[in-house]
>>> print(open('target.tsv').read())   # TSV, C-alpha atoms and all ligand atoms
chain	number	residue	atom	x	y	z
K	1	MET	CA	0.00	0.00	0.00
K	2	SER	CA	1.31	3.45	-0.88
K	3	LEU	CA	1.33	6.27	1.64
K	4	VAL	CA	1.02	9.02	-0.94
K	5	SER	CA	-1.81	9.66	-3.36
K	6	ALA	CA	-1.81	8.94	-7.08
K	7	ALA	CA	-1.78	12.73	-7.66
K	8	MET	CA	1.45	13.09	-5.65
K	9	LYS	CA	3.11	10.47	-7.85
K	10	ARG	CA	2.53	12.73	-10.83
K	11	ILE	CA	4.73	15.53	-9.46
K	12	ASN	CA	8.40	15.93	-8.54
K	13	PRO	CA	10.25	18.15	-6.12
K	14	SER	CA	11.50	21.27	-7.88
K	15	ALA	CA	14.49	20.21	-9.98
K	16	THR	CA	16.28	23.39	-8.99
K	17	ILE	CA	16.46	22.25	-5.37
K	18	ALA	CA	19.26	19.71	-5.90
K	19	ILE	CA	21.76	22.27	-7.18
K	20	SER	CA	20.74	24.83	-4.53
K	21	ASN	CA	21.23	22.20	-1.81
K	22	LYS	CA	24.62	21.30	-3.20
K	23	ALA	CA	25.63	24.99	-3.28
K	24	ARG	CA	24.56	25.34	0.35
K	25	GLU	CA	26.52	22.23	1.38
K	26	LEU	CA	29.66	23.48	-0.35
K	27	LYS	CA	29.30	26.90	1.31
K	28	ALA	CA	28.82	25.26	4.71
K	29	ALA	CA	32.01	23.28	4.07
K	30	GLY	CA	33.88	26.58	3.61
K	31	ARG	CA	33.94	26.72	-0.22
K	32	ASP	CA	33.71	30.11	-1.92
K	33	VAL	CA	30.43	29.68	-3.81
K	34	ILE	CA	28.61	32.29	-5.91
K	35	ALA	CA	24.96	31.29	-6.23
K	36	LEU	CA	23.23	32.55	-9.37
K	37	ALA	CA	20.24	30.29	-8.90
K	38	ALA	CA	17.77	32.43	-6.89
K	39	GLY	CA	14.65	33.86	-8.51
K	40	GLU	CA	14.36	36.97	-6.39
K	41	PRO	CA	15.64	40.56	-6.42
K	42	ASP	CA	18.56	41.32	-4.13
K	43	PHE	CA	17.00	44.72	-3.29
K	44	ASP	CA	15.08	45.31	-0.04
K	45	THR	CA	11.34	46.01	0.10
K	46	PRO	CA	10.90	49.83	-0.13
K	47	ASP	CA	10.40	51.63	3.20
K	48	ASN	CA	6.93	53.02	2.42
K	49	ILE	CA	5.68	49.45	1.89
K	50	LYS	CA	7.25	48.23	5.13
K	51	GLU	CA	5.71	51.19	6.96
K	52	ALA	CA	2.24	50.35	5.60
K	53	ALA	CA	2.65	46.86	7.07
K	54	ILE	CA	3.71	48.24	10.46
K	55	LYS	CA	0.70	50.56	10.39
K	56	ALA	CA	-1.54	47.57	9.61
K	57	ILE	CA	-0.19	45.68	12.62
K	58	ASN	CA	-0.60	48.66	14.96
K	59	GLY	CA	-4.09	49.24	13.54
K	60	ASN	CA	-4.98	45.63	14.37
K	61	GLN	CA	-5.48	44.52	10.78
K	62	THR	CA	-4.61	41.10	12.11
K	63	ARG	CA	-7.79	39.09	11.72
K	64	TYR	CA	-9.25	36.89	8.97
K	65	THR	CA	-10.18	38.93	5.90
K	66	ALA	CA	-12.41	38.22	2.91
K	67	VAL	CA	-11.07	34.94	1.44
K	68	ASP	CA	-9.92	36.38	-1.88
K	69	GLY	CA	-8.71	39.79	-0.74
K	70	ILE	CA	-9.66	42.96	1.15
K	71	PRO	CA	-11.77	45.48	-0.82
K	72	GLU	CA	-8.96	48.07	-0.58
K	73	LEU	CA	-6.49	45.72	-2.30
K	74	LYS	CA	-9.02	44.68	-4.95
K	75	ALA	CA	-9.63	48.39	-5.65
K	76	ALA	CA	-5.85	48.98	-5.98
K	77	ILE	CA	-5.61	46.02	-8.40
K	78	VAL	CA	-8.56	47.27	-10.47
K	79	ALA	CA	-6.83	50.68	-10.67
K	80	LYS	CA	-3.50	49.07	-11.60
K	81	PHE	CA	-5.02	47.12	-14.50
K	82	LYS	CA	-6.74	50.27	-15.77
K	83	ARG	CA	-3.70	52.54	-15.38
K	84	GLU	CA	-1.00	50.20	-16.64
K	85	ASN	CA	-2.74	47.80	-19.00
K	86	GLY	CA	-5.87	49.62	-20.17
K	87	LEU	CA	-7.97	46.71	-18.84
K	88	THR	CA	-11.30	47.30	-17.08
K	89	TYR	CA	-12.30	44.86	-14.33
K	90	LYS	CA	-14.85	44.89	-11.54
K	91	PRO	CA	-13.67	43.90	-8.04
K	92	SER	CA	-15.72	40.68	-8.46
K	93	GLN	CA	-13.37	39.76	-11.32
K	94	VAL	CA	-10.28	40.00	-9.08
K	95	THR	CA	-8.78	37.37	-6.78
K	96	VAL	CA	-5.83	37.68	-4.38
K	97	GLY	CA	-3.78	34.70	-3.23
K	98	THR	CA	-0.70	33.74	-1.25
K	99	GLY	CA	1.70	34.57	-4.07
K	100	GLY	CA	1.16	34.27	-7.78
K	101	LYS	CA	1.97	30.60	-7.32
K	102	GLN	CA	-1.20	29.95	-5.32
K	103	VAL	CA	-3.30	31.85	-7.86
K	104	LEU	CA	-1.89	29.66	-10.66
K	105	PHE	CA	-2.37	26.52	-8.62
K	106	ASN	CA	-5.97	27.46	-7.81
K	107	ALA	CA	-6.77	28.42	-11.41
K	108	LEU	CA	-5.49	25.11	-12.80
K	109	LEU	CA	-6.98	22.94	-10.05
K	110	ALA	CA	-10.33	24.69	-10.48
K	111	THR	CA	-10.50	24.11	-14.25
K	112	VAL	CA	-8.42	21.17	-15.46
K	113	ASP	CA	-10.02	17.73	-15.82
K	114	ALA	CA	-8.31	14.45	-16.70
K	115	GLY	CA	-7.41	14.49	-20.37
K	116	ASP	CA	-7.34	18.28	-20.69
K	117	GLU	CA	-4.25	19.60	-22.43
K	118	VAL	CA	-2.35	22.67	-21.31
K	119	ILE	CA	0.07	24.24	-23.77
K	120	ILE	CA	3.30	25.47	-22.18
K	121	PRO	CA	6.03	27.10	-24.30
K	122	ALA	CA	9.50	25.81	-23.30
K	123	PRO	CA	11.73	26.83	-21.64
K	124	TYR	CA	9.10	27.28	-18.92
K	125	TRP	CA	8.85	28.13	-15.24
K	126	VAL	CA	9.37	24.81	-13.48
K	127	SER	CA	6.04	24.76	-11.64
K	128	TYR	CA	3.68	24.94	-14.64
K	129	PRO	CA	3.88	21.30	-15.81
K	130	ASP	CA	3.86	19.92	-12.28
K	131	ILE	CA	0.73	21.84	-11.32
K	132	VAL	CA	-0.98	20.66	-14.53
K	133	ASN	CA	0.08	17.07	-13.77
K	134	PHE	CA	-1.19	17.36	-10.20
K	135	ALA	CA	-4.54	18.54	-11.53
K	136	GLY	CA	-4.67	15.45	-13.76
K	137	GLY	CA	-4.17	17.31	-17.03
K	138	THR	CA	-1.55	16.81	-19.72
K	139	PRO	CA	1.16	19.44	-20.18
K	140	VAL	CA	1.98	19.97	-23.86
K	141	ALA	CA	5.37	21.66	-24.16
K	142	ILE	CA	6.27	23.59	-27.30
K	143	GLU	CA	10.02	23.95	-27.65
K	144	THR	CA	11.13	27.40	-28.77
K	145	LYS	CA	14.46	28.09	-30.48
K	146	LEU	CA	17.54	30.04	-29.51
K	147	GLU	CA	17.55	31.72	-32.93
K	148	ASP	CA	14.01	33.00	-32.17
K	149	ASN	CA	15.31	34.28	-28.81
K	150	PHE	CA	13.18	31.54	-27.19
K	151	LYS	CA	9.91	33.10	-28.35
K	152	LEU	CA	6.88	31.09	-29.38
K	153	LYS	CA	6.00	31.33	-33.07
K	154	PRO	CA	2.34	31.54	-34.16
K	155	GLU	CA	2.66	28.46	-36.44
K	156	ALA	CA	4.00	26.37	-33.55
K	157	LEU	CA	1.16	27.54	-31.30
K	158	GLU	CA	-1.47	26.70	-33.90
K	159	ALA	CA	0.04	23.24	-34.52
K	160	ALA	CA	-0.16	22.43	-30.79
K	161	ILE	CA	-3.85	23.34	-30.36
K	162	THR	CA	-6.22	20.33	-30.32
K	163	PRO	CA	-9.90	19.95	-29.36
K	164	LYS	CA	-8.61	18.93	-25.90
K	165	THR	CA	-6.62	22.14	-25.32
K	166	LYS	CA	-7.93	23.85	-22.21
K	167	TRP	CA	-5.29	26.52	-21.56
K	168	LEU	CA	-2.28	28.21	-23.03
K	169	ILE	CA	0.07	29.32	-20.24
K	170	PHE	CA	1.88	32.38	-21.45
K	171	ASN	CA	4.73	34.07	-19.55
K	172	SER	CA	6.32	37.33	-20.75
K	173	PRO	CA	8.92	38.39	-19.67
K	174	SER	CA	9.85	34.77	-19.18
K	175	ASN	CA	11.37	32.90	-16.34
K	176	PRO	CA	13.86	31.38	-17.32
K	177	SER	CA	14.75	33.03	-20.66
K	178	GLY	CA	13.94	36.69	-19.96
K	179	ALA	CA	12.28	36.85	-23.39
K	180	ALA	CA	9.40	39.35	-23.66
K	181	TYR	CA	6.97	39.76	-26.56
K	182	ASN	CA	6.46	43.16	-28.16
K	183	ARG	CA	3.01	44.21	-29.41
K	184	GLU	CA	3.55	42.84	-32.91
K	185	GLU	CA	4.82	39.46	-31.69
K	186	MET	CA	1.96	39.24	-29.21
K	187	LYS	CA	-0.64	40.16	-31.87
K	188	ALA	CA	0.61	37.33	-34.12
K	189	LEU	CA	-0.13	34.91	-31.25
K	190	THR	CA	-3.46	36.42	-30.25
K	191	ASP	CA	-4.56	36.25	-33.93
K	192	VAL	CA	-4.16	32.46	-33.66
K	193	LEU	CA	-5.98	32.28	-30.31
K	194	VAL	CA	-8.97	34.24	-31.62
K	195	LYS	CA	-9.62	31.35	-34.02
K	196	TYR	CA	-9.92	28.78	-31.19
K	197	PRO	CA	-12.63	29.95	-28.79
K	198	HIS	CA	-12.34	26.85	-26.58
K	199	VAL	CA	-8.79	27.79	-25.49
K	200	LEU	CA	-8.38	29.77	-22.26
K	201	ILE	CA	-5.32	31.98	-21.78
K	202	LEU	CA	-3.46	32.09	-18.48
K	203	THR	CA	-0.97	34.92	-18.75
K	204	ASP	CA	1.71	35.14	-16.09
K	205	ASP	CA	2.77	38.80	-16.05
K	206	MET	CA	4.88	38.52	-12.90
K	207	TYR	CA	7.87	40.29	-14.52
K	208	GLU	CA	5.82	43.04	-16.24
K	209	HIS	CA	7.83	45.91	-14.76
K	210	LEU	CA	11.24	44.35	-15.25
K	211	VAL	CA	11.90	45.33	-18.87
K	212	TYR	CA	14.83	47.28	-20.31
K	213	ASP	CA	15.83	49.53	-23.24
K	214	ASP	CA	12.42	51.28	-23.41
K	215	PHE	CA	10.66	47.97	-24.12
K	216	GLU	CA	6.87	48.41	-23.93
K	217	PHE	CA	5.19	45.59	-21.99
K	218	VAL	CA	1.86	44.29	-23.33
K	219	THR	CA	-0.49	41.57	-22.11
K	220	PRO	CA	-2.76	39.40	-24.32
K	221	ALA	CA	-6.21	40.80	-23.28
K	222	GLN	CA	-4.89	44.32	-23.89
K	223	VAL	CA	-3.57	43.53	-27.37
K	224	GLU	CA	-6.67	41.54	-28.39
K	225	PRO	CA	-9.86	42.62	-26.58
K	226	ALA	CA	-11.70	39.64	-28.16
K	227	LEU	CA	-9.75	37.42	-25.72
K	228	TYR	CA	-10.80	39.37	-22.60
K	229	ASP	CA	-13.61	36.94	-21.70
K	230	ARG	CA	-11.32	33.90	-21.66
K	231	THR	CA	-8.10	35.32	-20.28
K	232	LEU	CA	-6.89	35.13	-16.70
K	233	THR	CA	-4.33	37.90	-16.27
K	234	MET	CA	-2.04	36.97	-13.38
K	235	ASN	CA	0.44	39.26	-11.68
K	236	GLY	CA	1.90	39.96	-8.25
K	237	VAL	CA	4.10	42.13	-6.10
K	238	SER	CA	6.94	39.63	-5.49
K	239	LYS	CA	9.41	40.65	-8.17
K	240	ALA	CA	9.03	44.33	-9.13
K	241	TYR	CA	8.23	45.44	-5.56
K	242	CYS	CA	10.93	43.23	-3.98
K	243	MET	CA	8.33	41.43	-1.86
K	244	THR	CA	8.99	37.71	-2.49
K	245	GLY	CA	8.58	36.82	1.18
K	246	TRP	CA	5.32	38.69	1.68
K	247	ARG	CA	3.40	36.23	-0.53
K	248	ILE	CA	0.85	38.30	-2.40
K	249	GLY	CA	-0.20	37.54	-5.98
K	250	TYR	CA	-3.39	38.31	-7.85
K	251	ALA	CA	-5.33	37.75	-11.05
K	252	ALA	CA	-8.30	39.16	-12.92
K	253	GLY	CA	-10.58	37.41	-15.37
K	254	PRO	CA	-14.03	35.94	-15.95
K	255	GLU	CA	-16.27	36.14	-12.87
K	256	GLU	CA	-17.17	32.43	-12.96
K	257	LEU	CA	-13.50	31.45	-12.81
K	258	ILE	CA	-12.68	34.00	-10.11
K	259	LYS	CA	-15.55	32.62	-8.02
K	260	ALA	CA	-14.30	29.04	-8.44
K	261	ILE	CA	-10.79	30.11	-7.40
K	262	GLY	CA	-12.26	31.75	-4.28
K	263	THR	CA	-14.20	28.60	-3.39
K	264	LEU	CA	-11.06	26.46	-3.67
K	265	GLN	CA	-9.07	28.95	-1.58
K	266	SER	CA	-11.85	29.03	1.05
K	267	GLN	CA	-11.24	25.30	1.56
K	268	SER	CA	-7.46	25.53	1.72
K	269	THR	CA	-5.60	28.58	2.99
K	270	SER	CA	-8.46	31.13	3.32
K	271	ASN	CA	-7.29	34.73	3.02
K	272	PRO	CA	-3.72	35.70	2.18
K	273	ASN	CA	-1.86	37.30	5.11
K	274	SER	CA	-3.80	40.39	6.25
K	275	ILE	CA	-0.71	42.53	6.90
K	276	ALA	CA	0.88	41.65	3.57
K	277	GLN	CA	-2.35	42.64	1.84
K	278	TRP	CA	-2.09	46.15	3.32
K	279	ALA	CA	1.55	46.31	2.27
K	280	ALA	CA	0.47	45.36	-1.27
K	281	VAL	CA	-2.11	48.20	-1.29
K	282	GLU	CA	0.76	50.62	-0.64
K	283	ALA	CA	2.96	48.90	-3.25
K	284	LEU	CA	0.35	49.35	-5.97
K	285	ASN	CA	-0.97	52.79	-4.96
K	286	GLY	CA	2.27	54.34	-3.69
K	287	PRO	CA	5.31	55.81	-5.49
K	288	GLN	CA	6.62	53.68	-8.34
K	289	ASP	CA	9.89	55.50	-9.06
K	290	PHE	CA	12.15	52.96	-7.30
K	291	ILE	CA	11.28	50.44	-10.04
K	292	ALA	CA	13.06	52.53	-12.70
K	293	ALA	CA	16.06	52.95	-10.37
K	294	ASN	CA	16.27	49.18	-9.78
K	295	ASN	CA	15.83	48.51	-13.51
K	296	LYS	CA	18.81	50.71	-14.33
K	297	VAL	CA	20.96	48.40	-12.20
K	298	PHE	CA	19.38	45.24	-13.63
K	299	LYS	CA	19.95	46.46	-17.20
K	300	GLU	CA	23.65	47.13	-16.52
K	301	ARG	CA	24.02	43.67	-15.01
K	302	ARG	CA	22.21	42.02	-17.92
K	303	ASP	CA	24.50	43.74	-20.41
K	304	LEU	CA	27.58	42.75	-18.42
K	305	VAL	CA	26.54	39.10	-18.12
K	306	VAL	CA	25.48	38.72	-21.77
K	307	SER	CA	28.73	40.24	-22.97
K	308	MET	CA	30.95	38.14	-20.68
K	309	LEU	CA	29.12	34.87	-21.38
K	310	ASN	CA	29.36	35.38	-25.13
K	311	GLN	CA	33.15	35.54	-24.64
K	312	ALA	CA	33.17	32.08	-23.02
K	313	ASN	CA	34.18	29.15	-25.27
K	314	GLY	CA	31.16	27.13	-26.37
K	315	LEU	CA	28.45	29.42	-24.93
K	316	THR	CA	25.89	31.50	-26.87
K	317	CYS	CA	23.78	33.94	-24.90
K	318	PRO	CA	20.89	35.91	-26.42
K	319	LYS	CA	20.17	39.33	-24.92
K	320	PRO	CA	16.69	39.13	-23.38
K	321	GLU	CA	14.23	42.02	-23.03
K	322	GLY	CA	13.31	41.52	-19.39
K	323	ALA	CA	13.11	39.67	-16.04
K	324	PHE	CA	16.47	39.11	-14.29
K	325	TYR	CA	17.57	35.96	-16.06
K	326	VAL	CA	19.70	35.01	-19.03
K	327	TYR	CA	19.53	31.62	-20.68
K	328	PRO	CA	22.74	30.78	-22.53
K	329	SER	CA	23.01	27.69	-24.70
K	330	CYS	CA	25.87	25.38	-23.75
K	331	ALA	CA	25.53	23.18	-26.84
K	332	GLY	CA	29.14	24.06	-27.73
K	333	VAL	CA	30.57	22.33	-24.64
K	334	ILE	CA	28.54	19.11	-24.79
K	335	GLY	CA	30.84	16.14	-25.43
K	336	LYS	CA	33.89	17.87	-23.92
K	337	THR	CA	35.75	16.71	-20.80
K	338	ALA	CA	35.94	18.68	-17.54
K	339	PRO	CA	39.20	19.07	-15.53
K	340	SER	CA	37.85	16.36	-13.18
K	341	GLY	CA	37.95	13.90	-16.08
K	342	LYS	CA	34.16	13.74	-16.26
K	343	LYS	CA	32.60	13.96	-19.70
K	344	ILE	CA	29.97	16.70	-20.10
K	345	ALA	CA	27.10	14.81	-21.71
K	346	THR	CA	24.21	17.04	-20.57
K	347	ASP	CA	23.55	20.56	-19.32
K	348	GLU	CA	23.09	19.07	-15.86
K	349	ASP	CA	26.68	17.71	-16.05
K	350	PHE	CA	27.80	21.21	-17.08
K	351	ALA	CA	26.10	22.79	-14.04
K	352	THR	CA	27.46	20.13	-11.67
K	353	GLU	CA	31.03	20.34	-12.96
K	354	LEU	CA	30.94	24.16	-12.97
K	355	LEU	CA	29.88	24.13	-9.34
K	356	ASP	CA	32.55	21.60	-8.40
K	357	ALA	CA	35.37	23.26	-10.34
K	358	GLU	CA	34.62	26.96	-9.87
K	359	GLY	CA	31.96	27.25	-7.15
K	360	VAL	CA	29.38	28.89	-9.41
K	361	ALA	CA	25.79	27.64	-9.00
K	362	VAL	CA	23.53	27.90	-12.06
K	363	VAL	CA	20.40	25.93	-12.94
K	364	HIS	CA	20.56	23.48	-15.85
K	365	GLY	CA	18.16	24.13	-18.73
K	366	SER	CA	16.65	20.66	-18.87
K	367	ALA	CA	14.90	21.56	-15.57
K	368	PHE	CA	13.04	24.22	-17.57
K	369	GLY	CA	12.21	21.86	-20.42
K	370	LEU	CA	14.77	23.08	-22.96
K	371	GLY	CA	18.45	22.28	-23.15
K	372	PRO	CA	21.35	22.13	-23.45
K	373	ALA	CA	21.33	25.48	-21.71
K	374	PHE	CA	21.42	26.97	-18.24
K	375	ARG	CA	19.78	29.81	-16.35
K	376	ILE	CA	21.64	32.56	-14.59
K	377	SER	CA	19.82	34.94	-12.29
K	378	TYR	CA	21.58	38.32	-12.36
K	379	ALA	CA	19.67	39.54	-9.29
K	380	THR	CA	22.91	39.56	-7.33
K	381	SER	CA	25.69	42.10	-6.76
K	382	THR	CA	27.53	43.33	-9.84
K	383	LYS	CA	30.85	42.42	-8.19
K	384	ASP	CA	29.77	38.79	-7.68
K	385	LEU	CA	28.36	38.62	-11.20
K	386	GLU	CA	31.60	39.79	-12.73
K	387	GLU	CA	33.60	37.28	-10.71
K	388	ALA	CA	31.12	34.47	-11.56
K	389	CYS	CA	31.35	35.23	-15.28
K	390	LEU	CA	35.17	35.23	-15.13
K	391	ARG	CA	35.01	31.81	-13.47
K	392	ILE	CA	32.57	30.54	-16.13
K	393	GLN	CA	34.94	31.77	-18.85
K	394	ARG	CA	37.84	30.01	-17.13
K	395	PHE	CA	35.82	26.80	-16.74
K	396	CYS	CA	34.72	26.79	-20.39
K	397	GLY	CA	38.31	27.48	-21.44
K	398	SER	CA	39.49	24.47	-19.40
K	399	LEU	CA	37.22	21.97	-21.18
K	400	ARG	CA	38.94	19.62	-23.60
K	501	LIG	C1	7.19	33.09	-13.92
K	501	LIG	C2	6.81	33.09	-12.49
K	501	LIG	N1	5.52	33.02	-12.17
K	501	LIG	C3	5.10	33.01	-10.90
K	501	LIG	C4	6.00	33.07	-9.86
K	501	LIG	C5	5.47	33.03	-8.47
K	501	LIG	O1	5.65	34.19	-7.78
K	501	LIG	P1	5.11	34.40	-6.31
K	501	LIG	O2	4.41	33.16	-5.88
K	501	LIG	O3	6.28	34.73	-5.48
K	501	LIG	O4	4.14	35.55	-6.40
K	501	LIG	C6	7.37	33.13	-10.14
K	501	LIG	C7	8.36	33.13	-9.04
K	501	LIG	O5	9.46	32.68	-9.16
K	501	LIG	C8	7.78	33.15	-11.49
K	501	LIG	O6	9.08	33.21	-11.81
>>> encode(input="target.tsv", output="structure tokens", more="lines below")
Ligand SMILES: Cc1ncc(COP(=O)(O)O)c(C=O)c1O
Amino acid sequence: MSLVSAAMKRINPSATIAISNKARELKAAGRDVIALAAGEPDFDTPDNIKEAAIKAINGNQTRYTAVDGIPELKAAIVAKFKRENGLTYKPSQVTVGTGGKQVLFNALLATVDAGDEVIIPAPYWVSYPDIVNFAGGTPVAIETKLEDNFKLKPEALEAAITPKTKWLIFNSPSNPSGAAYNREEMKALTDVLVKYPHVLILTDDMYEHLVYDDFEFVTPAQVEPALYDRTLTMNGVSKAYCMTGWRIGYAAGPEELIKAIGTLQSQSTSNPNSIAQWAAVEALNGPQDFIAANNKVFKERRDLVVSMLNQANGLTCPKPEGAFYVYPSCAGVIGKTAPSGKKIATDEDFATELLDAEGVAVVHGSAFGLGPAFRISYATSTKDLEEACLRIQRFCGSLR
């Protein structure tokens, strides 16, 4: 007899955990390790947001709230969608959860039946296929290409749609590639989606504000209003507002879906943390100028990392539009031998040997469904990034 459920057997622990654990072990053993594996900004939460939370505590905003968000936060989210995306929602079309991750989990659990297909462009955020599998659905990955800067092409999208397709999960800017779709690229995809009214669109806009070089962010329901009624637009405060630990994410979409998400949440976690909700009100309604200041630093780091990685033997690194990741291909080192004598047969071998030889922790691309490649998070100090890239260059140069 098995202790765990059949659903649990369909999912795996996050593949990124193994390399993070190894990095931690090496650090604990006194090794000089630079970890480029974390998916969070290295900047602190702005003071005005922290103060709003302190005010909420002192004002005794410490009890259960409405399950899917306080009215003040829903109003701030409605205003955000109007102001930034030109999208009009009623508060009853908005749900707030414990991080964007819970909102995604709820949305998929509330809608996916056995046999339903969910299209996921690869490379993808590691949790998408596992959540779909847990819900009993079938993830359908579409591999993108390095020469397309890891962007989904309309022909590939159309070829993947079947009568069983329930959702397309769309993430721009992308974790792990950093790729973001401009209006024209997005329109080419929404033109395909308009033709298939049975397909729902789950757009993960978590990195909306983290775009560089005057890139204009767009989201599917904004580019194609005909998709408004079947799009769940998901976003959150974790990344742009440096609030990963606060755990507030949100989404807006069709009322029936929002209601179902609320029902599921009412039987699991109930409301997201009351104090964090008040902090998120301040994040969305308060000053936004720190985002541009942070982005200036992120852009400089991106440019540094892309340039240094492209000078490493066997690596090719596209320059992405956003997020704080780059996703270099390591196809040019596969088949070579590391200084340890180990042959590098996969991108996972590359990441393991790089960590062993040079103490640089990166995440192998096969964990994100597309390799041979690896992900670097440049949300770390410029000094460490420069040193890490020098070590990567040295490591690649040492392969025979
Ligand atoms: C693409 C993407 N979506 C969603 C999330 C979840 O964010 P959170 O649950 O912190 O709001 C993350 C976090 O890493 C992410 O990278």
>>> closest_residue(input="target.tsv", among="K:Glu387, K:Glu208, K:Asp289, K:Glu40", to="ligand LIG 501 (chain K)", atoms="all atoms listed in the file")
K:Glu40
>>> closest_atom_pairs(input="target.tsv", of="chain K", to="ligand LIG 501 (chain K)", cutoff="7 Å", atoms="only C-alpha atoms and all ligand atoms", output="Markdown table")
| residue | atom | partner | partner_atom | distance |
| --- | --- | --- | --- | --- |
| K:Gly39 | CA | K:LIG501 | O5 | 5.4 |
| K:Thr98 | CA | K:LIG501 | O2 | 6.9 |
| K:Gly99 | CA | K:LIG501 | O4 | 3.5 |
| K:Gly100 | CA | K:LIG501 | O4 | 3.5 |
| K:Lys101 | CA | K:LIG501 | O2 | 3.8 |
| K:Gln102 | CA | K:LIG501 | O2 | 6.5 |
| K:Trp125 | CA | K:LIG501 | C1 | 5.4 |
| K:Asn171 | CA | K:LIG501 | C1 | 6.2 |
| K:Ser174 | CA | K:LIG501 | C1 | 6.1 |
| K:Asn175 | CA | K:LIG501 | C1 | 4.8 |
| K:Asp204 | CA | K:LIG501 | N1 | 5.9 |
| K:Met206 | CA | K:LIG501 | N1 | 5.6 |
| K:Gly236 | CA | K:LIG501 | O4 | 5.3 |
| K:Val237 | CA | K:LIG501 | O4 | 6.6 |
| K:Ser238 | CA | K:LIG501 | O3 | 4.9 |
| K:Thr244 | CA | K:LIG501 | O3 | 5.0 |
| K:Arg247 | CA | K:LIG501 | O3 | 5.9 |
| K:Ile248 | CA | K:LIG501 | O4 | 5.9 |
| K:Gly249 | CA | K:LIG501 | O4 | 4.8 |
>>> closest_atom_pairs(input="target.tsv", of="segment 240-266 of chain K", to="segment 109-124 of chain K", cutoff="8 Å", atoms="all atoms listed in the file", output="tab-separated table")
residue	atom	partner	partner_atom	distance
K:Leu257	CA	K:Ala110	CA	7.8
K:Ala260	CA	K:Ala110	CA	6.2
K:Ile261	CA	K:Ala110	CA	6.3
K:Leu264	CA	K:Ala110	CA	7.1
>>> residues_around(input="target.tsv", residues="Phe217 of chain K", least_positions_apart="3", cutoff="10 Å", atoms="all atoms listed in the file", output="list in words")
Glu84, Asn85, Ser172, Pro173, Ala180, Tyr181, Asn182, Arg183, Asp205, Tyr207, Glu208, His209, Leu210, Val211, Tyr212, Asp214, Glu321 and Gly322 of chain K
>>> closest_residue(input="target.tsv", among="K:Leu189, K:Ile34, K:Val103, K:Ala7", to="Phe134 of chain K", atoms="all atoms listed in the file")
K:Ala7
>>> residues_around(input="target.tsv", residues="Lys55 of chain K", least_positions_apart="4", cutoff="10 Å", atoms="all atoms listed in the file", output="JSON, numbers by chain")
{"K": [49, 50, 51, 59, 60, 61, 275, 278, 279]}
>>> closest_residue(input="target.tsv", among="K:Gly136, K:Gly69, K:Pro339, K:Pro287", to="Tyr250 of chain K", atoms="all atoms listed in the file")
K:Gly69
>>> residues_around(input="target.tsv", residues="Ala159 of chain K", least_positions_apart="6", cutoff="12 Å", atoms="only C-alpha atoms", output="number ranges by chain")
K: 119, 140-142, 152-153, 165, 192-193, 196
>>> residues_around(input="target.tsv", residues="Arg375 of chain K", least_positions_apart="5", cutoff="9 Å", atoms="only C-alpha atoms", output="list in words")
Leu36, Ala37, Asn175, Pro176, Ser177, Tyr325, Val326, Tyr327, Pro328, Val362, Val363, His364, Gly365 and Phe368 of chain K
>>> write_last_selection(input="target.tsv", atoms="C-alpha atoms", output="PDB file, keeping the file's coordinate frame")
ATOM      1  CA  LEU K  36      23.230  32.550  -9.370  1.00  0.00           C
ATOM      2  CA  ALA K  37      20.240  30.290  -8.900  1.00  0.00           C
ATOM      3  CA  ASN K 175      11.370  32.900 -16.340  1.00  0.00           C
ATOM      4  CA  PRO K 176      13.860  31.380 -17.320  1.00  0.00           C
ATOM      5  CA  SER K 177      14.750  33.030 -20.660  1.00  0.00           C
ATOM      6  CA  TYR K 325      17.570  35.960 -16.060  1.00  0.00           C
ATOM      7  CA  VAL K 326      19.700  35.010 -19.030  1.00  0.00           C
ATOM      8  CA  TYR K 327      19.530  31.620 -20.680  1.00  0.00           C
ATOM      9  CA  PRO K 328      22.740  30.780 -22.530  1.00  0.00           C
ATOM     10  CA  VAL K 362      23.530  27.900 -12.060  1.00  0.00           C
ATOM     11  CA  VAL K 363      20.400  25.930 -12.940  1.00  0.00           C
ATOM     12  CA  HIS K 364      20.560  23.480 -15.850  1.00  0.00           C
ATOM     13  CA  GLY K 365      18.160  24.130 -18.730  1.00  0.00           C
ATOM     14  CA  PHE K 368      13.040  24.220 -17.570  1.00  0.00           C
TER      15      PHE K 368
END
>>> residues_near_point(input="target.tsv", point="(-0.3, 32.2, -23.5)", cutoff="6 Å", atoms="all atoms listed in the file", output="list in words")
Leu168, Ile169, Phe170, Ile201, Leu202 and Thr203 of chain K
>>> residues_around(input="target.tsv", residues="His198 of chain K", least_positions_apart="2", cutoff="10 Å", atoms="only C-alpha atoms", output="PDB file with C-alpha atoms, in the coordinates of the input")
ATOM      1  CA  ILE K 161      -3.850  23.340 -30.360  1.00  0.00           C
ATOM      2  CA  THR K 162      -6.220  20.330 -30.320  1.00  0.00           C
ATOM      3  CA  PRO K 163      -9.900  19.950 -29.360  1.00  0.00           C
ATOM      4  CA  LYS K 164      -8.610  18.930 -25.900  1.00  0.00           C
ATOM      5  CA  THR K 165      -6.620  22.140 -25.320  1.00  0.00           C
ATOM      6  CA  LYS K 166      -7.930  23.850 -22.210  1.00  0.00           C
ATOM      7  CA  TRP K 167      -5.290  26.520 -21.560  1.00  0.00           C
ATOM      8  CA  LEU K 193      -5.980  32.280 -30.310  1.00  0.00           C
ATOM      9  CA  VAL K 194      -8.970  34.240 -31.620  1.00  0.00           C
ATOM     10  CA  LYS K 195      -9.620  31.350 -34.020  1.00  0.00           C
ATOM     11  CA  TYR K 196      -9.920  28.780 -31.190  1.00  0.00           C
ATOM     12  CA  LEU K 200      -8.380  29.770 -22.260  1.00  0.00           C
ATOM     13  CA  ILE K 201      -5.320  31.980 -21.780  1.00  0.00           C
ATOM     14  CA  ARG K 230     -11.320  33.900 -21.660  1.00  0.00           C
TER      15      ARG K 230
END
